[in-house]
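Colleague: Input file: entry-v8.cif. Contents: mmCIF, C-alpha atoms.
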data_target
#
loop_
_atom_site.label_atom_id
_atom_site.label_comp_id
_atom_site.auth_asym_id
_atom_site.auth_seq_id
_atom_site.Cartn_x
_atom_site.Cartn_y
_atom_site.Cartn_z
CA MET G 1 1.98 -147.26 3.12
CA SER G 2 5.65 -147.25 4.12
CA LYS G 3 6.94 -148.28 7.51
CA LEU G 4 7.76 -144.68 8.39
CA GLU G 5 4.26 -143.55 7.49
CA GLU G 6 2.82 -146.36 9.65
CA LYS G 7 4.89 -145.15 12.60
CA ILE G 8 3.65 -141.59 12.07
CA GLU G 9 0.01 -142.75 12.03
CA SER G 10 0.59 -144.88 15.13
CA LEU G 11 2.15 -141.83 16.77
CA GLY G 12 -0.93 -139.78 15.94
CA THR G 13 -3.18 -142.41 17.54
CA MET G 14 -1.14 -142.45 20.76
CA LEU G 15 -1.18 -138.67 20.85
CA SER G 16 -4.95 -138.57 20.39
CA ASP G 17 -5.48 -141.05 23.26
CA ILE G 18 -3.34 -139.06 25.68
CA ASN G 19 -4.87 -135.78 24.58
CA ASP G 20 -8.35 -137.13 25.44
CA GLN G 21 -7.35 -137.93 29.03
CA ASP G 22 -8.54 -135.59 31.78
CA ILE G 23 -6.16 -135.48 34.72
CA SER G 24 -7.28 -132.20 36.28
CA HIS G 25 -9.43 -133.89 39.00
CA ASP G 26 -11.72 -130.96 39.69
CA GLU G 27 -13.28 -132.88 42.59
CA LEU G 28 -10.14 -132.19 44.67
CA GLY G 29 -10.57 -128.43 44.41
CA VAL G 30 -8.21 -125.74 43.20
CA ALA G 31 -5.63 -126.20 45.96
CA ASN G 32 -5.31 -130.00 45.66
CA GLY G 33 -6.30 -130.64 42.06
CA PHE G 34 -3.99 -131.19 39.07
CA HIS G 35 -5.05 -128.35 36.83
CA GLU G 36 -1.41 -127.38 36.18
CA ALA G 37 -0.70 -130.91 34.98
CA GLN G 38 -3.72 -130.81 32.66
CA GLU G 39 -2.60 -127.46 31.19
CA ALA G 40 0.95 -128.72 30.64
CA LYS G 41 -0.35 -131.90 28.96
CA ASP G 42 -2.73 -129.92 26.69
CA GLU G 43 0.02 -127.52 25.64
CA SER G 44 2.43 -130.37 24.88
CA CYS G 45 -0.19 -132.34 22.96
CA SER G 46 -1.06 -129.27 20.87
CA TYR G 47 2.60 -128.77 20.04
CA LEU G 48 3.07 -132.47 19.13
CA SER G 49 -0.10 -132.44 17.04
CA ALA G 50 1.39 -129.71 14.84
CA ILE G 51 4.64 -131.68 14.54
CA VAL G 52 2.80 -134.87 13.53
CA ASP G 53 0.73 -133.03 10.92
CA ARG G 54 3.90 -131.64 9.33
CA LEU G 55 5.56 -135.05 9.47
CA ARG G 56 2.66 -136.52 7.47
CA GLN G 57 3.26 -133.85 4.82
CA TYR G 58 7.05 -133.48 4.68
CA SER G 59 8.54 -136.72 6.06
CA ASP G 60 9.58 -137.82 2.56
CA LYS G 61 11.75 -134.68 2.22
CA LEU G 62 13.72 -135.34 5.41
CA ASN G 63 16.39 -137.85 6.36
CA SER G 64 14.49 -141.02 7.26
CA VAL G 65 17.00 -142.00 9.95
CA ILE G 66 16.66 -138.68 11.75
CA VAL G 67 12.87 -138.75 11.44
CA ASP G 68 12.75 -142.31 12.81
CA GLU G 69 14.93 -141.24 15.75
CA LYS G 70 12.70 -138.27 16.56
CA ILE G 71 9.56 -140.43 16.32
CA THR G 72 11.10 -142.83 18.83
CA GLN G 73 11.75 -139.88 21.19
CA ILE G 74 8.15 -138.72 20.83
CA GLU G 75 6.88 -142.24 21.53
CA GLN G 76 9.01 -142.37 24.67
CA TRP G 77 7.70 -138.98 25.72
CA LEU G 78 4.09 -140.10 25.19
CA ALA G 79 4.71 -143.28 27.13
CA GLN G 80 6.14 -141.27 30.02
CA ALA G 81 3.22 -138.83 29.81
CA ASP G 82 0.84 -141.80 30.03
CA LYS G 83 2.67 -143.02 33.15
CA TYR G 84 2.44 -139.57 34.73
CA ALA G 85 -1.30 -139.51 33.99
CA GLU G 86 -1.68 -142.91 35.68
CA GLN G 87 0.29 -141.66 38.71
CA VAL G 88 -1.93 -138.58 38.92
CA ASP G 89 -5.04 -140.76 38.90
CA ASN G 90 -3.62 -143.09 41.56
CA LEU G 91 -2.56 -140.21 43.79
CA ALA G 92 -5.94 -138.49 43.41
CA GLY G 93 -7.70 -141.77 44.17
CA SER G 94 -5.74 -142.32 47.39
CA GLY G 95 -7.26 -139.13 48.76
CA VAL G 96 -5.94 -135.78 49.91
CA HIS G 97 -5.88 -136.87 53.52
CA GLU G 98 -2.78 -139.01 53.08
CA ALA G 99 0.20 -137.54 54.93
CA ASN G 100 2.47 -137.64 51.86
CA PHE G 101 -0.14 -136.28 49.45
CA PRO G 102 1.09 -132.63 49.31
CA LYS G 103 4.72 -133.66 48.80
CA GLN G 104 3.88 -136.31 46.21
CA ARG G 105 1.57 -133.91 44.40
CA THR G 106 4.30 -131.24 44.26
CA ASN G 107 6.92 -133.71 43.01
CA LEU G 108 4.58 -135.04 40.36
CA LEU G 109 3.67 -131.57 39.09
CA ASP G 110 7.36 -130.63 38.91
CA ALA G 111 8.10 -133.78 36.91
CA ILE G 112 5.28 -133.06 34.44
CA ARG G 113 6.44 -129.45 34.06
CA LYS G 114 10.04 -130.50 33.38
CA GLN G 115 8.85 -133.06 30.86
CA LYS G 116 6.99 -130.32 28.97
CA GLU G 117 10.04 -128.05 28.94
CA SER G 118 12.34 -130.79 27.66
CA LEU G 119 9.97 -131.66 24.81
CA LYS G 120 10.61 -128.51 22.70
CA LYS G 121 14.35 -128.68 23.35
CA ASN G 122 14.58 -132.24 22.04
CA LEU G 123 12.41 -131.55 19.00
CA TYR G 124 13.81 -128.11 18.11
CA SER G 125 15.94 -129.41 15.22
CA LEU G 126 13.03 -131.43 13.79
CA GLU G 127 10.69 -128.46 14.08
CA LEU G 128 13.23 -126.26 12.27
CA ASP G 129 13.62 -128.76 9.42
CA LEU G 130 9.84 -129.01 9.03
CA LYS G 131 9.50 -125.21 8.90
CA LEU G 132 12.21 -125.03 6.24
CA CYS G 133 10.33 -127.60 4.19
CA GLU G 134 7.17 -125.54 4.52
CA VAL G 135 8.93 -122.35 3.44
CA SER G 136 10.59 -124.10 0.49
CA GLU G 137 7.24 -125.43 -0.66
CA LYS G 138 5.73 -121.95 -0.55
CA LEU G 139 8.65 -120.50 -2.51
CA GLU G 140 8.17 -123.18 -5.13
CA ASP G 141 4.53 -122.28 -5.36
CA GLN G 142 4.40 -119.77 -8.21
CA GLU G 143 0.99 -118.51 -7.16
CA PHE G 144 2.27 -117.78 -3.66
CA PHE G 145 5.32 -116.00 -5.08
CA ASN G 146 3.19 -113.89 -7.43
CA GLU G 147 0.87 -112.97 -4.59
CA ALA G 148 3.79 -111.96 -2.38
CA ARG G 149 5.27 -109.87 -5.21
CA SER G 150 1.89 -108.26 -5.85
CA ASN G 151 1.49 -107.46 -2.16
CA ALA G 152 4.99 -105.99 -2.09
CA ALA G 153 4.22 -103.83 -5.13
CA ASP G 154 1.02 -102.61 -3.46
CA TYR G 155 2.91 -101.74 -0.29
CA ILE G 156 5.55 -99.86 -2.28
CA GLU G 157 2.89 -97.95 -4.22
CA LYS G 158 1.07 -97.05 -1.00
CA ALA G 159 4.33 -95.97 0.62
CA GLU G 160 5.23 -93.80 -2.39
CA ASP G 161 1.74 -92.29 -2.39
CA ALA G 162 1.99 -91.54 1.33
CA ALA G 163 5.46 -90.06 0.88
CA SER G 164 4.18 -87.88 -1.97
CA LYS G 165 1.31 -86.63 0.18
CA VAL G 166 3.64 -85.90 3.10
CA GLU G 167 6.02 -84.07 0.77
CA LYS G 168 3.16 -81.96 -0.57
CA VAL G 169 2.00 -81.13 2.94
CA LEU G 170 5.52 -80.19 4.02
CA ASP G 171 6.01 -78.09 0.88
CA ALA G 172 2.69 -76.33 1.51
CA VAL G 173 3.65 -75.62 5.12
CA GLN G 174 7.07 -74.39 4.03
CA GLN G 175 5.55 -72.23 1.30
CA LYS G 176 3.04 -70.76 3.75
CA THR G 177 5.81 -70.00 6.24
CA ILE G 178 7.96 -68.38 3.58
CA ASN G 179 5.05 -66.31 2.28
CA THR G 180 4.29 -65.11 5.81
CA GLN G 181 7.92 -64.18 6.44
CA VAL G 182 8.20 -62.42 3.10
CA GLY G 183 5.03 -60.44 3.83
CA GLU G 184 6.32 -59.43 7.25
CA SER G 185 9.71 -58.43 5.79
CA ALA G 186 8.02 -56.34 3.08
CA ALA G 187 5.92 -54.60 5.75
CA GLN G 188 9.03 -53.91 7.84
CA PHE G 189 10.84 -52.48 4.82
CA GLY G 190 7.79 -50.27 4.24
CA ASP G 191 8.08 -48.99 7.82
CA LEU G 192 11.79 -48.30 7.25
CA VAL G 193 10.96 -46.41 4.06
CA ASP G 194 8.53 -44.15 5.96
CA HIS G 195 11.05 -43.72 8.79
CA HIS G 196 13.91 -42.65 6.52
CA LYS G 197 11.58 -40.53 4.41
CA ASP G 198 10.75 -38.44 7.49
CA TYR G 199 14.44 -38.06 8.34
CA GLU G 200 15.21 -37.22 4.69
CA ARG G 201 12.68 -34.41 4.77
CA ASN G 202 14.07 -33.09 8.05
CA TRP G 203 17.65 -33.10 6.78
CA PHE G 204 16.56 -31.45 3.52
CA ILE G 205 15.09 -28.64 5.58
CA ALA G 206 18.36 -28.53 7.52
CA VAL G 207 20.31 -28.27 4.21
CA VAL G 208 18.16 -25.37 3.06
CA VAL G 209 18.44 -23.59 6.41
CA SER G 210 22.20 -24.15 6.65
CA ALA G 211 22.65 -22.96 3.03
CA ILE G 212 20.73 -19.79 3.87
CA LEU G 213 22.87 -19.31 6.97
CA LEU G 214 26.00 -19.80 4.83
CA CYS G 215 24.81 -17.15 2.39
CA VAL G 216 24.06 -14.81 5.28
CA ALA G 217 27.48 -15.49 6.81
CA VAL G 218 29.22 -14.81 3.49
CA PHE G 219 27.17 -11.67 2.89
CA TYR G 220 27.86 -10.42 6.42
CA ALA G 221 31.57 -11.22 6.17
CA VAL G 222 31.95 -9.55 2.78
CA TRP G 223 29.71 -6.52 3.13
CA TRP G 224 29.53 -5.73 6.82
CA MET G 225 32.92 -6.64 8.21
CA PRO G 226 35.83 -4.39 7.08
CA ASP G 227 38.47 -5.99 4.91
CA THR G 228 41.10 -3.21 5.18
CA LEU G 229 42.83 -1.43 8.03
CA SER G 230 40.90 1.57 9.21
CA GLU G 231 42.38 4.58 10.90
CA GLY G 232 43.43 3.83 14.41
CA GLN G 233 43.04 0.07 13.94
CA SER G 234 46.00 -2.12 14.71
CA SER G 235 47.12 -5.07 12.60
CA PHE G 236 46.15 -7.45 15.44
CA GLU G 237 42.60 -6.15 15.50
CA PHE G 238 42.39 -6.49 11.72
CA LEU G 239 43.70 -10.08 11.94
CA VAL G 240 41.14 -10.94 14.61
CA GLY G 241 38.37 -9.56 12.43
CA PHE G 242 39.63 -11.58 9.46
CA LEU G 243 39.67 -14.77 11.52
CA LYS G 244 36.11 -14.09 12.63
CA LYS G 245 35.10 -14.02 8.99
CA ILE G 246 36.77 -17.38 8.36
CA VAL G 247 35.27 -18.97 11.48
CA LEU G 248 31.79 -17.66 10.72
CA ILE G 249 31.86 -18.93 7.13
CA SER G 250 33.48 -22.25 8.18
CA ILE G 251 30.84 -22.96 10.81
CA ALA G 252 28.05 -22.31 8.31
CA GLY G 253 29.87 -24.44 5.72
CA VAL G 254 30.26 -27.33 8.17
CA PHE G 255 26.54 -27.23 8.90
CA VAL G 256 25.83 -27.33 5.16
CA ARG G 257 28.19 -30.28 4.61
CA VAL G 258 26.86 -32.31 7.57
CA SER G 259 23.23 -31.67 6.65
CA LEU G 260 23.86 -32.59 3.00
CA ALA G 261 25.68 -35.81 3.98
CA LYS G 262 22.87 -36.82 6.31
CA TYR G 263 20.29 -35.97 3.68
CA ASN G 264 22.07 -38.12 1.07
CA THR G 265 22.34 -41.00 3.57
CA GLU G 266 18.67 -40.94 4.46
CA ARG G 267 17.70 -40.57 0.82
CA GLY G 268 19.89 -43.52 -0.12
CA LEU G 269 18.42 -45.72 2.63
CA ARG G 270 14.90 -44.77 1.61
CA ILE G 271 15.62 -45.77 -1.99
CA VAL G 272 17.28 -49.05 -0.96
CA TYR G 273 14.53 -50.09 1.43
CA GLY G 274 11.88 -49.05 -1.07
CA HIS G 275 13.58 -51.19 -3.68
CA ARG G 276 13.66 -54.15 -1.28
CA GLN G 277 9.99 -53.71 -0.51
CA LYS G 278 9.18 -53.80 -4.24
CA VAL G 279 11.36 -56.89 -4.72
CA LEU G 280 9.61 -58.79 -1.92
CA ASP G 281 6.22 -57.73 -3.25
CA GLN G 282 7.18 -59.39 -6.55
CA TYR G 283 8.81 -62.41 -4.88
CA LEU G 284 5.85 -64.79 -5.25
CA SER G 285 5.48 -63.94 -8.94
CA PHE G 286 9.16 -64.67 -9.56
CA GLU G 287 8.97 -67.96 -7.62
CA ALA G 288 5.81 -69.06 -9.45
CA GLY G 289 7.63 -68.50 -12.74
CA ILE G 290 10.32 -71.01 -11.76
CA GLY G 291 7.83 -73.89 -11.77
CA ASP G 292 8.29 -77.13 -9.80
CA ASP G 293 12.10 -77.11 -9.85
CA MET G 294 12.78 -77.32 -6.08
CA GLU G 295 16.53 -76.86 -6.52
CA ALA G 296 15.99 -73.64 -8.46
CA LYS G 297 13.41 -72.45 -5.91
CA ASN G 298 15.78 -73.08 -3.02
CA GLN G 299 18.58 -71.27 -4.87
CA PHE G 300 16.28 -68.31 -5.48
CA ARG G 301 15.20 -68.27 -1.82
CA LEU G 302 18.85 -68.31 -0.75
CA GLU G 303 19.62 -65.30 -2.94
CA ILE G 304 16.62 -63.44 -1.55
CA ALA G 305 17.75 -64.25 2.01
CA LYS G 306 21.21 -62.87 1.24
CA TYR G 307 19.59 -59.78 -0.19
CA ILE G 308 17.38 -59.23 2.86
CA PHE G 309 20.17 -59.63 5.40
CA SER G 310 22.84 -57.67 3.50
CA ASP G 311 23.86 -54.15 4.49
CA PRO G 312 21.96 -51.45 2.59
CA GLN G 313 23.90 -49.85 -0.28
CA SER G 314 22.97 -47.22 -2.84
CA ASN G 315 24.59 -44.59 -5.05
CA TYR G 316 24.34 -42.21 -2.09
CA SER G 317 26.20 -44.56 0.27
CA SER G 318 29.71 -43.71 1.32
CA GLN G 319 30.81 -47.31 0.64
CA VAL G 320 29.32 -47.75 -2.81
CA ASN G 321 32.69 -47.27 -4.51
CA ASN G 322 34.55 -49.45 -2.03
CA PRO G 323 36.22 -52.16 -4.16
CA GLY G 324 36.33 -54.52 -1.18
CA SER G 325 32.57 -54.53 -0.66
CA GLU G 326 30.88 -57.87 -1.27
CA ILE G 327 27.32 -56.50 -1.27
CA ASN G 328 25.49 -57.01 -4.53
CA ILE G 329 23.39 -53.94 -5.35
CA ASN G 330 21.39 -55.87 -7.94
CA PRO G 331 20.55 -59.26 -6.34
CA ILE G 332 17.65 -60.05 -8.66
CA ILE G 333 20.00 -60.32 -11.65
CA SER G 334 22.40 -62.38 -9.52
CA ALA G 335 19.57 -64.70 -8.45
CA ALA G 336 18.44 -65.17 -12.04
CA GLU G 337 22.01 -66.00 -13.11
CA SER G 338 22.40 -68.50 -10.25
CA ILE G 339 19.12 -70.22 -11.16
CA THR G 340 20.22 -70.45 -14.81
CA ARG G 341 23.49 -72.05 -13.76
CA ALA G 342 21.63 -74.48 -11.44
CA LYS G 343 19.47 -75.67 -14.30
#
Would you write out, as structure tokens, the structure that this file holds?

Modeller:
Amino acid sequence: MSKLEEKIESLGTMLSDINDQDISHDELGVANGFHEAQEAKDESCSYLSAIVDRLRQYSDKLNSVIVDEKITQIEQWLAQADKYAEQVDNLAGSGVHEANFPKQRTNLLDAIRKQKESLKKNLYSLELDLKLCEVSEKLEDQEFFNEARSNAADYIEKAEDAASKVEKVLDAVQQKTINTQVGESAAQFGDLVDHHKDYERNWFIAVVVSAILLCVAVFYAVWWMPDTLSEGQSSFEFLVGFLKKIVLISIAGVFVRVSLAKYNTERGLRIVYGHRQKVLDQYLSFEAGIGDDMEAKNQFRLEIAKYIFSDPQSNYSSQVNNPGSEININPIISAAESITRAK
């Protein structure tokens, strides 16, 4: 056994002797006893015990000069701790009735507490070196490294599995939300179809009625109102009669034109909204055909959203031939083309 190892074993013996001492003096009671000193000594001895155990194991990997210096500091600390223990016993033996007992007790407890606090500060560098030796030994241990790598792989696999489950849940929630919104939109488009269908029927009736009135106005103007000057009729009276013909026919014609325009508008809106309702009814089938390509699904959903929120257009719309219009009247083809480009 080397000299350094002998000093470490001697240090362990001293530590064991001090650790076995009881300086609490329970007979003095809680107020006058030295329980705080006993706790401080036990904590310090436990800390030093761990240091000594590591020194036995790793002292050969450290600088022997530094280790010898730290052992000397520990021996001095233990010697001082032994003196404090002797002072505690002497003070407790003198009795609590001494006039200076409270002050001496307080001073002694403060000294023991400060000694405990200084211990870790003085041995911090040694403790750090011993921990580094311990970590290095574990890293050199192939079995430990393999176990750590295996544990890391398990954690990664569990994390990926959890992420996959969360992604599936989120996708299911998103899909359910989209399906609900699509169903509501299709129902709303169905309501719009019924609404415009009623107006289309009403304006069709108005077209028929106004066309009949136009025919009546033309017949009345041609067959019942005179178109030549009669005897005793002035040119002014004839002109007034001619203007009445024009006004009567014009009013009937305006009613025909307005009714027909409104009828075409309502018919166009009914066709557009009906088409949108059919598209949304087929939405899930189209999306299912895309497969698991999330990018293509999102692109398709974006095109459908544009289609839903775009202004209605049809062949009956007044803006259908407007070259500046950006509304796509066939968004399903556009969506399919976009998805093809995305892939």

Colleague: Can you give me, as a PyMOL selection string, the residues this file yields under the PyMOL selection byres ((chain G and resi 250-261) around 10)?

Modeller: chain G and resi 200+202-218+244-249+262-267+316-318

Colleague: By how many Å are atom CA of G:Lys116 and atom CA of G:Ser44 apart?

Modeller: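 The value is 6.1 Å.
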
Colleague: Translate the PyMOL selection byres ((chain G and resi 5) around 12), as applied to the file shown, into an explicit residue set as a list in words.

Modeller: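 Checked against the file, the PyMOL selection byres ((chain G and resi 5) around 12) matches Met1, Ser2, Lys3, Leu4, Glu6, Lys7, Ile8, Glu9, Ser10, Leu11, Gly12, Val52, Asp53, Leu55, Arg56, Gln57, Tyr58, Ser59, Asp60, Ser64, Val67, Asp68 and Ile71 of chain G.
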
Colleague: Taking all listed atoms of stretch 35-54 of chain G, build the axis-aligned box, pad each of the six sides by 8 Å, then write its centre and edge lengths in Å to one decimal as lines of an AutoDock Vina configuration file.

Modeller:
center_x = -0.2
center_y = -131.1
center_z = 23.1
size_x = 25.7
size_y = 23.5
size_z = 43.5

Colleague: Suppose you want the space between atom CA of G:Val96 and atom CA of G:Glu36; what is it in Å?

Modeller: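 Here the two named atoms are 16.7 Å from each other.
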
Colleague: Which protein, DNA or RNA residues are at most 12 Å from (4.0, -131.0, 38.0) in the file's coordinates when you count only C-alpha atoms, listed as a short mmCIF file (atom, residue, chain, number, x, y, z; two decimals) with C-alpha atoms, in the frame of the given file?

Modeller:
data_model
loop_
_atom_site.label_atom_id
_atom_site.label_comp_id
_atom_site.auth_asym_id
_atom_site.auth_seq_id
_atom_site.Cartn_x
_atom_site.Cartn_y
_atom_site.Cartn_z
CA ILE G 23 -6.16 -135.48 34.72
CA SER G 24 -7.28 -132.20 36.28
CA GLY G 33 -6.30 -130.64 42.06
CA PHE G 34 -3.99 -131.19 39.07
CA HIS G 35 -5.05 -128.35 36.83
CA GLU G 36 -1.41 -127.38 36.18
CA ALA G 37 -0.70 -130.91 34.98
CA GLN G 38 -3.72 -130.81 32.66
CA GLU G 39 -2.60 -127.46 31.19
CA ALA G 40 0.95 -128.72 30.64
CA LYS G 41 -0.35 -131.90 28.96
CA ALA G 81 3.22 -138.83 29.81
CA TYR G 84 2.44 -139.57 34.73
CA ALA G 85 -1.30 -139.51 33.99
CA GLN G 87 0.29 -141.66 38.71
CA VAL G 88 -1.93 -138.58 38.92
CA PRO G 102 1.09 -132.63 49.31
CA LYS G 103 4.72 -133.66 48.80
CA GLN G 104 3.88 -136.31 46.21
CA ARG G 105 1.57 -133.91 44.40
CA THR G 106 4.30 -131.24 44.26
CA ASN G 107 6.92 -133.71 43.01
CA LEU G 108 4.58 -135.04 40.36
CA LEU G 109 3.67 -131.57 39.09
CA ASP G 110 7.36 -130.63 38.91
CA ALA G 111 8.10 -133.78 36.91
CA ILE G 112 5.28 -133.06 34.44
CA ARG G 113 6.44 -129.45 34.06
CA LYS G 114 10.04 -130.50 33.38
CA GLN G 115 8.85 -133.06 30.86
CA LYS G 116 6.99 -130.32 28.97
CA GLU G 117 10.04 -128.05 28.94
#

Colleague: Calculated over only C-alpha atoms, which of the candidates G:Met14, G:Ile156, G:Ala187, G:Gln181 has the smallest distance to G:Ile304?

Modeller: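 The shortest atom-to-atom distance to G:Ile304 comes from G:Gln181.
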
Colleague: Atom CA of G:Leu126 and atom CA of G:Lys70 are how many Å apart?

Modeller: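 Between atom CA of G:Leu126 and atom CA of G:Lys70 the gap is 7.4 Å.
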
Colleague: G:Asp26, G:Asp17, G:Glu303, G:Glu69: which is nearest G:Cys45, counting all atoms listed in the file?

Modeller: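 Comparing G:Asp26, G:Asp17, G:Glu303, G:Glu69 against G:Cys45, the winner is G:Asp17.
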
Colleague: Between G:Ser136, G:Asn151, G:Ser94, G:Gln73, which one has atoms that come closest to G:Lys120, using only C-alpha atoms?

Modeller: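 Counting only C-alpha atoms, the residue closest to G:Lys120 is G:Gln73.
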
Colleague: Applied to this file, what does the PyMOL selection byres ((chain G and resi 183) around 12) return in terms of residues, put as a ChimeraX atom specification?

Modeller: /G:176-182,184-190,276-284
